[in-house]
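Below is one structure, written out as structure tokens; the observations come after it.
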Protein chains: 8
Amino acid sequence: MQTIFVLVKCELGKAYDVAEAAVPTVEQISEIHSISGQYDLLMKCYLDDGADIGHFVTSRLQTLPGVRDTFTMMTFKAFG
Amino acid sequence: MQTIFVLVKCELGKAYDVAEAAVPTVEQISEIHSISGQYDLLMKCYLDDGADIGHFVTSRLQTLPGVRDTFTMMTFKAFG
Amino acid sequence: MQTIFVLVKCELGKAYDVAEAAVPTVEQISEIHSISGQYDLLMKCYLDDGADIGHFVTSRLQTLPGVRDTFTMMTFKAFG
Amino acid sequence: MQTIFVLVKCELGKAYDVAEAAVPTVEQISEIHSISGQYDLLMKCYLDDGADIGHFVTSRLQTLPGVRDTFTMMTFKAFG
Amino acid sequence: MQTIFVLVKCELGKAYDVAEAAVPTVEQISEIHSISGQYDLLMKCYLDDGADIGHFVTSRLQTLPGVRDTFTMMTFKAFG
Amino acid sequence: MQTIFVLVKCELGKAYDVAEAAVPTVEQISEIHSISGQYDLLMKCYLDDGADIGHFVTSRLQTLPGVRDTFTMMTFKAFG
Amino acid sequence: MQTIFVLVKCELGKAYDVAEAAVPTVEQISEIHSISGQYDLLMKCYLDDGADIGHFVTSRLQTLPGVRDTFTMMTFKAFG
Amino acid sequence: MQTIFVLVKCELGKAYDVAEAAVPTVEQISEIHSISGQYDLLMKCYLDDGADIGHFVTSRLQTLPGVRDTFTMMTFKAFG
């Protein structure tokens, strides 16, 4: 499994709607948080080993209704 | 009370209109400044303890006519 | 409970040592990931309601040996 | 009067000490907040008209013990 | 006189048209350079003392056809 | 020859289409990678000495269908 | 093979020395460019599939003499 | 001639000293401004065609006493 975190900026006023709709729609999403700062949401996703992360983000997350921008953080190793 | 600062980018040419309209519209806003840098406005807001800040920013500030982008800074403690 | 995510930049070459030492040292940390981008680590922490987050970050995380810089993201609501 | 906001990054673990020491030391500071994000503190300062803001920031704020970095936001007009 | 530098992002493919049209249109602009990085153009402007810089940027520069985003840098003192 | 790297943000969900279409369309592009972070693609381009890089980026890359934003990095010298 | 790009900031005045020393020292580096912007160098590296990228960056690149900061970009797919 | 703009961050409290010393020391510098934002100074420099800009910035500007960080913007074409 590969774990990624994706910061998501949503259409104005739509962040909570995006979050509520994304969880049941995209099975790879395990949790979403609304956050402070430049982005509206932080999504944690689990992908199969070998999955193309760039393709997942552009084809599955960027196409969710209300998503406006994404910032992808790869994880390399988990501790704790 | 929780204090937050929100940097706001407005539709081109609309920053002063947004600022003038926001003050009487959103009671949680105590002051707005037009500023240098990447954003047009800095808004200081007071929210009730326990208020959902993410919900306030997305539903009350991002939906103001002319707002294009927001950056939320939480405050944890005040000095001075 | 309040959930925060903290991006951490470490002294050069020390990121994995910092991560391994932080987990057993700071009870509020639930998970740490080494990540791509500008920062070395992403830490997820759970704090008691009412805890001063700014004080926690500066006094507990910034003082961990090998930490060089931090970026704090508050979460407002969890989905999923 | 000119109003400026200065984001301040402090030496690791020193943000609250810096804030407590700065208020009585620098008369131009009216309020300081510890904040989320990349910086530790947000300082609001009032300067006399005609004061050289660059000189104030570098000679009065950057020289406070424990200050590590600053980001200056000018304000042009206040609303509300 | 107050000197400001404004980084400008233009509609895709329009940066050179914006630059050529801006020089004769906005008398406060003294020079424009196309640049590397996140923005397309760097404009140097001279404003009268006491002019509201925020108002100038939003009403005169942001409204130029083809401008998409601005980043304003105030200057405090000139050397050399 | 001048070598430049251009970070490209694409319309939502279109990054792979943009990459596939750009390679045969723009002869100066030698390789494209989909990447983590704030941008979707990293393009490496070779330009003739004396070519106007700003003009190339705005007229050839920014006008590719599906491109939304660019960030240009000049190279000065190659090693290795 | 996994391809990564790493932006590197060097100790002041040392960027060209770092670049010249890195190429023969770290076999995973295929090319280095000195660049415009916030960082001094852009390194392209090839790692074995399954290699821990976070460990490579922190243990092999951040420990090169003269390196001061790194920013890692993962690539997901190559085009062209 | 090639024109570049370099944003410079100085050792704390030293920005004005750096600016005053740089003008007579580095002949390529034509003007320096102290500025708002993340950096302390903006330097405009003229280099001979064919000069290695990366080498100039790292060997001539980064080595000025009191300089802490630089951000280089290339210009491609001048208007006005």
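Chain labels A, B, ... are given in the sequence in which chains occur in the structure tokens; within each chain residues are numbered consecutively from 1, and ligands are likewise numbered from 1 in the order shown.
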* Residues near segment 60-69 of chain D, cut-off 9 Å, only C-alpha atoms, skip fewer than 4 positions along chain, as a PyMOL selection string -> (chain D and resi 6-12+14-15+17-18+21-22+25-26+39+55-56) or (chain H and resi 11-14+38)
* **For segment 73-80 of chain D: contacts at 9 Å, only C-alpha atoms, fewer than 3 positions along chain excluded, given as a ChimeraX atom specification** => /B:16,19-20,22-24,29-37,41-42 /D:2-7,53 /E:52-55,74 /H:36-37
* Where does DSSP see strand (DSSP E or B) in chain E, if you list the residues as a ChimeraX atom specification? -> /E:2-10,29-35,37,41-47,67-79
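Proximity of D:Thr58, D:Asp49, D:Asp40, D:Phe71 to chain C, computed with only C-alpha atoms, is greatest for D:Asp40.
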* Asked: What is the atom CA of Leu47 of chain C to atom CA of Gln28 of chain C distance in Å?
  ->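 It comes out at 6.1 Å.
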* Mind the document's chain letters and residue numbers, and return as a ChimeraX atom specification the residues of chain G that DSSP labels helix (DSSP H, G or I). => /G:15-25,53-61
